[in-house]
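J.: Pasting final06.pdb here (PDB, N, CA and C atoms):
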ATOM      1  N   VAL A   1      75.307 127.182  98.151
ATOM      2  CA  VAL A   1      74.468 127.315  99.332
ATOM      3  C   VAL A   1      73.868 125.950  99.642
ATOM      4  N   HIS A   2      73.973 125.537 100.875
ATOM      5  CA  HIS A   2      73.329 124.306 101.337
ATOM      6  C   HIS A   2      72.376 124.691 102.457
ATOM      7  N   ILE A   3      71.098 124.387 102.273
ATOM      8  CA  ILE A   3      70.113 124.685 103.308
ATOM      9  C   ILE A   3      69.259 123.446 103.545
ATOM     10  N   TRP A   4      68.764 123.316 104.761
ATOM     11  CA  TRP A   4      67.948 122.165 105.122
ATOM     12  C   TRP A   4      67.063 122.533 106.295
ATOM     13  N   LEU A   5      66.144 121.659 106.606
ATOM     14  CA  LEU A   5      65.260 121.808 107.753
ATOM     15  C   LEU A   5      65.701 120.808 108.805
ATOM     16  N   GLU A   6      65.772 121.242 110.054
ATOM     17  CA  GLU A   6      66.226 120.340 111.102
ATOM     18  C   GLU A   6      65.509 120.608 112.416
ATOM     19  N   THR A   7      65.610 119.637 113.304
ATOM     20  CA  THR A   7      65.147 119.749 114.684
ATOM     21  C   THR A   7      66.372 119.505 115.562
ATOM     22  N   ASP A   8      66.173 119.441 116.863
ATOM     23  CA  ASP A   8      67.278 119.119 117.766
ATOM     24  C   ASP A   8      67.844 117.724 117.487
ATOM     25  N   ASP A   9      67.033 116.868 116.853
ATOM     26  CA  ASP A   9      67.457 115.502 116.532
ATOM     27  C   ASP A   9      68.231 115.414 115.226
ATOM     28  N   GLY A  10      68.288 116.488 114.468
ATOM     29  CA  GLY A  10      69.047 116.492 113.226
ATOM     30  C   GLY A  10      68.206 116.898 112.020
ATOM     31  N   ILE A  11      68.810 116.737 110.858
ATOM     32  CA  ILE A  11      68.168 117.122 109.593
ATOM     33  C   ILE A  11      66.983 116.206 109.309
ATOM     34  N   PHE A  12      65.869 116.800 108.890
ATOM     35  CA  PHE A  12      64.757 115.965 108.466
ATOM     36  C   PHE A  12      64.324 116.239 107.031
ATOM     37  N   PHE A  13      64.839 117.309 106.404
ATOM     38  CA  PHE A  13      64.547 117.518 104.989
ATOM     39  C   PHE A  13      65.550 118.485 104.397
ATOM     40  N   GLY A  14      66.040 118.126 103.210
ATOM     41  CA  GLY A  14      66.994 118.957 102.489
ATOM     42  C   GLY A  14      67.170 118.432 101.086
ATOM     43  N   ALA A  15      68.236 118.863 100.428
ATOM     44  CA  ALA A  15      68.467 118.489  99.031
ATOM     45  C   ALA A  15      68.585 116.982  98.846
ATOM     46  N   GLY A  16      69.208 116.291  99.787
ATOM     47  CA  GLY A  16      69.332 114.835  99.674
ATOM     48  C   GLY A  16      67.986 114.139  99.666
ATOM     49  N   ARG A  17      67.078 114.590 100.521
ATOM     50  CA  ARG A  17      65.731 113.995 100.560
ATOM     51  C   ARG A  17      64.978 114.334  99.277
ATOM     52  N   VAL A  18      65.177 115.538  98.772
ATOM     53  CA  VAL A  18      64.552 115.915  97.493
ATOM     54  C   VAL A  18      65.033 114.977  96.400
ATOM     55  N   HIS A  19      66.330 114.732  96.339
ATOM     56  CA  HIS A  19      66.871 113.836  95.308
ATOM     57  C   HIS A  19      66.314 112.427  95.467
ATOM     58  N   LEU A  20      66.184 111.970  96.711
ATOM     59  CA  LEU A  20      65.608 110.644  96.950
ATOM     60  C   LEU A  20      64.169 110.589  96.438
ATOM     61  N   LEU A  21      63.381 111.604  96.742
ATOM     62  CA  LEU A  21      61.990 111.635  96.258
ATOM     63  C   LEU A  21      61.937 111.700  94.734
ATOM     64  N   GLU A  22      62.828 112.472  94.134
ATOM     65  CA  GLU A  22      62.871 112.537  92.665
ATOM     66  C   GLU A  22      63.178 111.172  92.065
ATOM     67  N   LYS A  23      64.110 110.453  92.674
ATOM     68  CA  LYS A  23      64.474 109.123  92.165
ATOM     69  C   LYS A  23      63.326 108.129  92.359
ATOM     70  N   ILE A  24      62.612 108.229  93.466
ATOM     71  CA  ILE A  24      61.441 107.369  93.673
ATOM     72  C   ILE A  24      60.409 107.652  92.596
ATOM     73  N   GLU A  25      60.181 108.924  92.331
ATOM     74  CA  GLU A  25      59.216 109.298  91.297
ATOM     75  C   GLU A  25      59.673 108.820  89.923
ATOM     76  N   MET A  26      60.950 108.920  89.648
ATOM     77  CA  MET A  26      61.508 108.525  88.353
ATOM     78  C   MET A  26      61.425 107.012  88.140
ATOM     79  N   HIS A  27      61.786 106.241  89.160
ATOM     80  CA  HIS A  27      61.880 104.787  89.012
ATOM     81  C   HIS A  27      60.660 104.029  89.524
ATOM     82  N   GLY A  28      59.819 104.678  90.336
ATOM     83  CA  GLY A  28      58.683 103.971  90.917
ATOM     84  C   GLY A  28      59.112 102.907  91.911
ATOM     85  N   SER A  29      60.320 103.083  92.458
ATOM     86  CA  SER A  29      60.887 102.067  93.339
ATOM     87  C   SER A  29      61.803 102.724  94.366
ATOM     88  N   LEU A  30      61.565 102.421  95.624
ATOM     89  CA  LEU A  30      62.455 102.901  96.676
ATOM     90  C   LEU A  30      63.807 102.202  96.577
ATOM     91  N   LYS A  31      63.788 100.925  96.248
ATOM     92  CA  LYS A  31      65.042 100.164  96.116
ATOM     93  C   LYS A  31      65.925 100.749  95.021
ATOM     94  N   LYS A  32      65.358 101.008  93.852
ATOM     95  CA  LYS A  32      66.133 101.573  92.747
ATOM     96  C   LYS A  32      66.598 102.987  93.073
ATOM     97  N   ALA A  33      65.739 103.753  93.738
ATOM     98  CA  ALA A  33      66.114 105.116  94.134
ATOM     99  C   ALA A  33      67.315 105.078  95.065
ATOM    100  N   ALA A  34      67.268 104.189  96.044
ATOM    101  CA  ALA A  34      68.376 104.057  96.996
ATOM    102  C   ALA A  34      69.657 103.643  96.269
ATOM    103  N   GLU A  35      69.562 102.670  95.379
ATOM    104  CA  GLU A  35      70.728 102.219  94.620
ATOM    105  C   GLU A  35      71.336 103.358  93.808
ATOM    106  N   CYS A  36      70.491 104.158  93.164
ATOM    107  CA  CYS A  36      70.973 105.295  92.366
ATOM    108  C   CYS A  36      71.749 106.291  93.213
ATOM    109  N   MET A  37      71.365 106.374  94.479
ATOM    110  CA  MET A  37      72.001 107.345  95.370
ATOM    111  C   MET A  37      73.142 106.730  96.180
ATOM    112  N   GLY A  38      73.421 105.447  95.954
ATOM    113  CA  GLY A  38      74.509 104.796  96.649
ATOM    114  C   GLY A  38      74.247 104.552  98.123
ATOM    115  N   MET A  39      72.977 104.305  98.457
ATOM    116  CA  MET A  39      72.638 104.015  99.848
ATOM    117  C   MET A  39      71.817 102.745  99.925
ATOM    118  N   SER A  40      71.733 102.185 101.095
ATOM    119  CA  SER A  40      70.949 100.970 101.275
ATOM    120  C   SER A  40      69.462 101.304 101.295
ATOM    121  N   TYR A  41      68.660 100.289 101.014
ATOM    122  CA  TYR A  41      67.210 100.433 101.101
ATOM    123  C   TYR A  41      66.834 100.869 102.510
ATOM    124  N   ARG A  42      67.445 100.253 103.496
ATOM    125  CA  ARG A  42      67.144 100.561 104.902
ATOM    126  C   ARG A  42      67.447 102.026 105.233
ATOM    127  N   ALA A  43      68.575 102.534 104.752
ATOM    128  CA  ALA A  43      68.933 103.939 104.986
ATOM    129  C   ALA A  43      67.920 104.876 104.323
ATOM    130  N   ALA A  44      67.543 104.556 103.086
ATOM    131  CA  ALA A  44      66.570 105.381 102.370
ATOM    132  C   ALA A  44      65.227 105.362 103.093
ATOM    133  N   TRP A  45      64.793 104.175 103.500
ATOM    134  CA  TRP A  45      63.517 104.048 104.206
ATOM    135  C   TRP A  45      63.574 104.823 105.524
ATOM    136  N   GLY A  46      64.702 104.774 106.220
ATOM    137  CA  GLY A  46      64.868 105.507 107.471
ATOM    138  C   GLY A  46      64.764 107.009 107.274
ATOM    139  N   LYS A  47      65.330 107.504 106.195
ATOM    140  CA  LYS A  47      65.252 108.936 105.901
ATOM    141  C   LYS A  47      63.815 109.349 105.591
ATOM    142  N   ILE A  48      63.122 108.526 104.822
ATOM    143  CA  ILE A  48      61.711 108.809 104.518
ATOM    144  C   ILE A  48      60.899 108.832 105.806
ATOM    145  N   LYS A  49      61.067 107.827 106.641
ATOM    146  CA  LYS A  49      60.302 107.734 107.894
ATOM    147  C   LYS A  49      60.627 108.885 108.847
ATOM    148  N   ALA A  50      61.893 109.296 108.929
ATOM    149  CA  ALA A  50      62.273 110.417 109.796
ATOM    150  C   ALA A  50      61.599 111.706 109.344
ATOM    151  N   THR A  51      61.570 111.924 108.039
ATOM    152  CA  THR A  51      60.904 113.118 107.525
ATOM    153  C   THR A  51      59.408 113.052 107.800
ATOM    154  N   GLU A  52      58.796 111.901 107.524
ATOM    155  CA  GLU A  52      57.352 111.752 107.771
ATOM    156  C   GLU A  52      57.009 112.015 109.231
ATOM    157  N   ALA A  53      57.853 111.557 110.153
ATOM    158  CA  ALA A  53      57.600 111.768 111.583
ATOM    159  C   ALA A  53      57.636 113.255 111.929
ATOM    160  N   ASN A  54      58.474 114.006 111.252
ATOM    161  CA  ASN A  54      58.587 115.436 111.521
ATOM    162  C   ASN A  54      57.516 116.284 110.856
ATOM    163  N   VAL A  55      57.104 115.899 109.659
ATOM    164  CA  VAL A  55      56.123 116.724 108.939
ATOM    165  C   VAL A  55      54.683 116.295 109.199
ATOM    166  N   GLY A  56      54.493 115.077 109.693
ATOM    167  CA  GLY A  56      53.153 114.635 110.050
ATOM    168  C   GLY A  56      52.308 114.094 108.909
ATOM    169  N   PHE A  57      52.935 113.741 107.799
ATOM    170  CA  PHE A  57      52.210 113.114 106.697
ATOM    171  C   PHE A  57      53.143 112.188 105.934
ATOM    172  N   SER A  58      52.559 111.309 105.126
ATOM    173  CA  SER A  58      53.333 110.353 104.331
ATOM    174  C   SER A  58      53.907 111.019 103.094
ATOM    175  N   LEU A  59      55.144 110.689 102.781
ATOM    176  CA  LEU A  59      55.789 111.182 101.562
ATOM    177  C   LEU A  59      55.580 110.244 100.390
ATOM    178  N   VAL A  60      55.522 108.948 100.690
ATOM    179  CA  VAL A  60      55.389 107.935  99.648
ATOM    180  C   VAL A  60      54.247 106.991  99.991
ATOM    181  N   LYS A  61      53.755 106.341  98.951
ATOM    182  CA  LYS A  61      52.716 105.328  99.147
ATOM    183  C   LYS A  61      53.066 104.118  98.317
ATOM    184  N   LYS A  62      52.689 102.953  98.839
ATOM    185  CA  LYS A  62      52.905 101.686  98.140
ATOM    186  C   LYS A  62      51.869 101.572  97.041
ATOM    187  N   ASN A  63      52.322 101.249  95.849
ATOM    188  CA  ASN A  63      51.399 101.051  94.732
ATOM    189  C   ASN A  63      50.755  99.670  94.837
ATOM    190  N   ALA A  64      49.600  99.524  94.255
ATOM    191  CA  ALA A  64      48.857  98.263  94.298
ATOM    192  C   ALA A  64      49.644  97.147  93.614
ATOM    193  N   GLY A  65      49.444  95.940  94.104
ATOM    194  CA  GLY A  65      50.088  94.776  93.513
ATOM    195  C   GLY A  65      51.352  94.386  94.250
ATOM    196  N   LYS A  66      51.737  93.142  94.086
ATOM    197  CA  LYS A  66      52.901  92.609  94.792
ATOM    198  C   LYS A  66      54.188  93.341  94.411
ATOM    199  N   LYS A  67      54.344  93.674  93.163
ATOM    200  CA  LYS A  67      55.545  94.367  92.678
ATOM    201  C   LYS A  67      55.216  95.798  92.273
ATOM    202  N   GLY A  68      54.279  96.413  92.992
ATOM    203  CA  GLY A  68      53.790  97.735  92.616
ATOM    204  C   GLY A  68      54.761  98.871  92.816
ATOM    205  N   GLY A  69      55.725  98.703  93.722
ATOM    206  CA  GLY A  69      56.680  99.777  93.972
ATOM    207  C   GLY A  69      56.074 100.909  94.774
ATOM    208  N   TYR A  70      56.684 102.083  94.671
ATOM    209  CA  TYR A  70      56.254 103.256  95.427
ATOM    210  C   TYR A  70      56.054 104.443  94.511
ATOM    211  N   SER A  71      55.209 105.353  94.955
ATOM    212  CA  SER A  71      55.060 106.649  94.292
ATOM    213  C   SER A  71      54.930 107.700  95.375
ATOM    214  N   LEU A  72      55.078 108.951  94.995
ATOM    215  CA  LEU A  72      54.955 110.037  95.956
ATOM    216  C   LEU A  72      53.489 110.324  96.246
ATOM    217  N   THR A  73      53.216 110.675  97.477
ATOM    218  CA  THR A  73      51.877 111.167  97.807
ATOM    219  C   THR A  73      51.783 112.602  97.293
ATOM    220  N   ASP A  74      50.586 113.131  97.229
ATOM    221  CA  ASP A  74      50.423 114.530  96.834
ATOM    222  C   ASP A  74      51.185 115.446  97.790
ATOM    223  N   GLU A  75      51.131 115.129  99.088
ATOM    224  CA  GLU A  75      51.822 115.938 100.090
ATOM    225  C   GLU A  75      53.340 115.828  99.932
ATOM    226  N   GLY A  76      53.831 114.622  99.631
ATOM    227  CA  GLY A  76      55.258 114.429  99.402
ATOM    228  C   GLY A  76      55.755 115.215  98.204
ATOM    229  N   ARG A  77      54.992 115.174  97.139
ATOM    230  CA  ARG A  77      55.347 115.926  95.925
ATOM    231  C   ARG A  77      55.315 117.431  96.215
ATOM    232  N   SER A  78      54.294 117.865  96.948
ATOM    233  CA  SER A  78      54.171 119.283  97.285
ATOM    234  C   SER A  78      55.352 119.752  98.138
ATOM    235  N   LEU A  79      55.756 118.958  99.135
ATOM    236  CA  LEU A  79      56.901 119.324  99.965
ATOM    237  C   LEU A  79      58.166 119.434  99.115
ATOM    238  N   MET A  80      58.337 118.523  98.188
ATOM    239  CA  MET A  80      59.487 118.549  97.299
ATOM    240  C   MET A  80      59.492 119.844  96.473
ATOM    241  N   VAL A  81      58.363 120.201  95.911
ATOM    242  CA  VAL A  81      58.245 121.410  95.091
ATOM    243  C   VAL A  81      58.463 122.660  95.959
ATOM    244  N   GLN A  82      57.888 122.674  97.154
ATOM    245  CA  GLN A  82      58.047 123.817  98.048
ATOM    246  C   GLN A  82      59.513 124.002  98.450
ATOM    247  N   TYR A  83      60.196 122.906  98.757
ATOM    248  CA  TYR A  83      61.611 122.997  99.117
ATOM    249  C   TYR A  83      62.418 123.573  97.954
ATOM    250  N   LYS A  84      62.173 123.072  96.748
ATOM    251  CA  LYS A  84      62.908 123.556  95.580
ATOM    252  C   LYS A  84      62.677 125.049  95.377
ATOM    253  N   SER A  85      61.441 125.494  95.547
ATOM    254  CA  SER A  85      61.120 126.908  95.404
ATOM    255  C   SER A  85      61.859 127.733  96.461
ATOM    256  N   TRP A  86      61.827 127.259  97.705
ATOM    257  CA  TRP A  86      62.524 127.944  98.795
ATOM    258  C   TRP A  86      64.016 128.004  98.509
ATOM    259  N   PHE A  87      64.590 126.866  98.111
ATOM    260  CA  PHE A  87      66.019 126.814  97.809
ATOM    261  C   PHE A  87      66.371 127.836  96.730
ATOM    262  N   CYS A  88      65.614 127.862  95.653
ATOM    263  CA  CYS A  88      65.911 128.779  94.546
ATOM    264  C   CYS A  88      65.839 130.237  94.989
ATOM    265  N   ARG A  89      64.864 130.566  95.808
ATOM    266  CA  ARG A  89      64.727 131.941  96.289
ATOM    267  C   ARG A  89      65.875 132.327  97.221
ATOM    268  N   VAL A  90      66.258 131.421  98.117
ATOM    269  CA  VAL A  90      67.380 131.690  99.017
ATOM    270  C   VAL A  90      68.671 131.807  98.216
ATOM    271  N   GLU A  91      68.872 130.887  97.280
ATOM    272  CA  GLU A  91      70.081 130.916  96.468
ATOM    273  C   GLU A  91      70.167 132.190  95.633
ATOM    274  N   GLU A  92      69.057 132.597  95.047
ATOM    275  CA  GLU A  92      69.041 133.820  94.243
ATOM    276  C   GLU A  92      69.471 135.022  95.082
ATOM    277  N   SER A  93      68.924 135.108  96.274
ATOM    278  CA  SER A  93      69.281 136.197  97.177
ATOM    279  C   SER A  93      70.749 136.115  97.593
ATOM    280  N   ALA A  94      71.216 134.921  97.917
ATOM    281  CA  ALA A  94      72.603 134.726  98.335
ATOM    282  C   ALA A  94      73.574 135.055  97.198
ATOM    283  N   LEU A  95      73.238 134.661  95.979
ATOM    284  CA  LEU A  95      74.110 134.958  94.842
ATOM    285  C   LEU A  95      74.190 136.461  94.585
ATOM    286  N   LYS A  96      73.057 137.127  94.719
ATOM    287  CA  LYS A  96      73.034 138.578  94.519
ATOM    288  C   LYS A  96      73.946 139.251  95.536
ATOM    289  N   LEU A  97      73.818 138.873  96.792
ATOM    290  CA  LEU A  97      74.679 139.440  97.832
ATOM    291  C   LEU A  97      76.143 139.086  97.610
ATOM    292  N   ALA A  98      76.405 137.852  97.210
ATOM    293  CA  ALA A  98      77.791 137.414  96.984
ATOM    294  C   ALA A  98      78.459 138.226  95.878
ATOM    295  N   THR A  99      77.723 138.527  94.811
ATOM    296  CA  THR A  99      78.316 139.312  93.719
ATOM    297  C   THR A  99      78.601 140.742  94.163
ATOM    298  N   GLU A 100      77.847 141.232  95.148
ATOM    299  CA  GLU A 100      78.089 142.576  95.680
ATOM    300  C   GLU A 100      79.281 142.593  96.642
ATOM    301  N   ILE A 101      79.535 141.489  97.313
ATOM    302  CA  ILE A 101      80.542 141.441  98.373
ATOM    303  C   ILE A 101      81.889 140.918  97.889
ATOM    304  N   PHE A 102      81.887 139.836  97.108
ATOM    305  CA  PHE A 102      83.141 139.174  96.737
ATOM    306  C   PHE A 102      83.665 139.681  95.393
ATOM    307  N   PRO A 103      85.005 139.748  95.258
ATOM    308  CA  PRO A 103      85.596 140.250  94.018
ATOM    309  C   PRO A 103      85.797 139.165  92.952
ATOM    310  N   PHE A 104      85.180 138.009  93.131
ATOM    311  CA  PHE A 104      85.319 136.922  92.162
ATOM    312  C   PHE A 104      83.933 136.412  91.794
ATOM    313  N   PRO A 105      83.811 135.728  90.642
ATOM    314  CA  PRO A 105      82.492 135.240  90.212
ATOM    315  C   PRO A 105      81.981 134.106  91.109
ATOM    316  N   VAL A 106      80.685 134.062  91.288
ATOM    317  CA  VAL A 106      80.025 132.993  92.039
ATOM    318  C   VAL A 106      79.042 132.288  91.120
ATOM    319  N   GLN A 107      78.838 131.007  91.361
ATOM    320  CA  GLN A 107      77.986 130.189  90.508
ATOM    321  C   GLN A 107      76.844 129.570  91.324
ATOM    322  N   PRO A 108      75.684 129.382  90.709
ATOM    323  CA  PRO A 108      74.587 128.687  91.407
ATOM    324  C   PRO A 108      74.866 127.195  91.523
ATOM    325  N   PHE A 109      74.199 126.563  92.464
ATOM    326  CA  PHE A 109      74.282 125.115  92.652
ATOM    327  C   PHE A 109      73.585 124.451  91.484
ATOM    328  N   LYS A 110      74.143 123.410  90.905
ATOM    329  CA  LYS A 110      73.631 122.816  89.655
ATOM    330  C   LYS A 110      72.643 121.683  89.831
ATOM    331  N   GLU A 111      72.522 121.084  91.030
ATOM    332  CA  GLU A 111      71.759 119.843  91.152
ATOM    333  C   GLU A 111      70.259 120.007  91.345
ATOM    334  N   LEU A 112      69.767 121.148  91.777
ATOM    335  CA  LEU A 112      68.322 121.263  92.008
ATOM    336  C   LEU A 112      67.592 121.811  90.836
TER     337      LEU A 112
END
As structure tokens, how would this structure be written, given the file I've shared?

T.:
Amino acid sequence: VHIWLETDDGIFFGAGRVHLLEKIEMHGSLKKAAECMGMSYRAAWGKIKATEANVGFSLVKKNAGKKGGYSLTDEGRSLMVQYKSWFCRVEESALKLATEIFPFPVQPFKEL
């Protein structure tokens, strides 16, 4: 199951953004997070900014100091947790229905 939040302008939050936020939290760096995901810093920053424009709050904050890096805001962390909870609930329901409908085994998504 792949689910995301979108507007007429396109996707503004989904599993990819969750993974980006997780990598920022893990490394304390947007640059390292982007590298881990195989994208440019500019692309990662653009995705963060697009989501922030849609949700109306900051996802990340610059840490103090010249080489301080980034960390998640409380709101950014909360959105990440809420998305994961929503995903798990939707997936659980979808898997239950799939096992009732299809004659073959179905598996949950492994990355979240």

J.: Pick the closest to His27 of chain A from A:Trp45, A:Phe12, A:Tyr70, A:Phe57: which is it, counting all atoms listed in the file?

T.: A:Tyr70

J.: I'd like to know which of A:Ser71, A:Ser58, A:Asp9, A:Phe109 is closest to Glu91 of chain A, using all atoms listed in the file.

T.: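 Once distances to Glu91 of chain A are computed over all atoms listed in the file, the minimum belongs to A:Phe109.
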
J.: For a quick check of understanding, using only N, CA and C atoms, which of A:Leu5, A:Ile11, A:Gly28, A:Val18 has the smallest distance to Gly69 of chain A?

T.: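 That would be A:Gly28, the residue with the smallest distance to Gly69 of chain A.
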
J.: To one decimal place, how far is atom CA of Ala98 of chain A from atom N of Gly16 of chain A in Å?

T.: 23.0 Å

J.: Please indicate the distance in Å from atom CA of Trp4 of chain A to atom C of Phe102 of chain A, rounded to one decimal place.

T.: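 These atoms are spaced 25.5 Å apart.
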
J.: Segment 28-75 of chain A: which residues are helix (DSSP H, G or I) by DSSP, as number ranges by chain?

T.: A: 30-36, 41-55, 74-75

J.: What does the structure give for the distance between atom CA of Ala33 of chain A and atom CA of Leu20 of chain A, in Å to one decimal?

T.: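 Between these atoms lies a distance of 6.2 Å.
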
J.: Counting only N, CA and C atoms, which of A:Ala64, A:Ala15, A:Ala50, A:Leu21 gets nearest to Ile3 of chain A?

T.: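 Of the candidates, the smallest distance to Ile3 of chain A is held by A:Ala15.
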
J.: Which residues are near Lys47 of chain A? Cut-off 8 Å, all atoms listed in the file, ignore same chain within fewer than 6 positions. Put them as a list in words.

T.: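 So the residues in contact are Phe12, Arg17, Tyr41 and Ala53 of chain A.
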
J.: With only C-alpha atoms as the basis for distance, which of A:Ala34, A:Lys67, A:Thr7, A:Pro105 is at the shortest distance from Glu22 of chain A?

T.: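 Nearest candidate to Glu22 of chain A out of A:Ala34, A:Lys67, A:Thr7, A:Pro105: A:Ala34.
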
J.: When you count only C-alpha atoms, which of these residues is closest to Glu52 of chain A: A:Lys84, A:Thr73, A:Phe104, A:Leu95?

T.: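 Comparing A:Lys84, A:Thr73, A:Phe104, A:Leu95 against Glu52 of chain A, the winner is A:Thr73.
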
J.: Running DSSP on the backbone, which parts of segment 18-106 of chain A land in strand (DSSP E), as a CSV table (one decimal) with N, CA and C atoms, in the frame of the given file?

T.:
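Contents of part_11.csv, freshly written:
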chain,number,residue,atom,x,y,z
A,60,VAL,N,55.5,108.9,100.7
A,60,VAL,CA,55.4,107.9,99.6
A,60,VAL,C,54.2,107.0,100.0
A,61,LYS,N,53.8,106.3,99.0
A,61,LYS,CA,52.7,105.3,99.1
A,61,LYS,C,53.1,104.1,98.3
A,62,LYS,N,52.7,103.0,98.8
A,62,LYS,CA,52.9,101.7,98.1
A,62,LYS,C,51.9,101.6,97.0
A,70,TYR,N,56.7,102.1,94.7
A,70,TYR,CA,56.3,103.3,95.4
A,70,TYR,C,56.1,104.4,94.5
A,71,SER,N,55.2,105.4,95.0
A,71,SER,CA,55.1,106.6,94.3
A,71,SER,C,54.9,107.7,95.4
A,72,LEU,N,55.1,109.0,95.0
A,72,LEU,CA,55.0,110.0,96.0
A,72,LEU,C,53.5,110.3,96.2

J.: What box, with edges along x, y and z, holds each listed atom of segment 52-62 of chain A when 6 Å is added on every side, and can you state its centre and edge lengths in Å to one decimal, as AutoDock Vina command-line options?

T.:
--center_x 55.3 --center_y 109.1 --center_z 104.5 --size_x 18.9 --size_y 27.2 --size_z 26.9
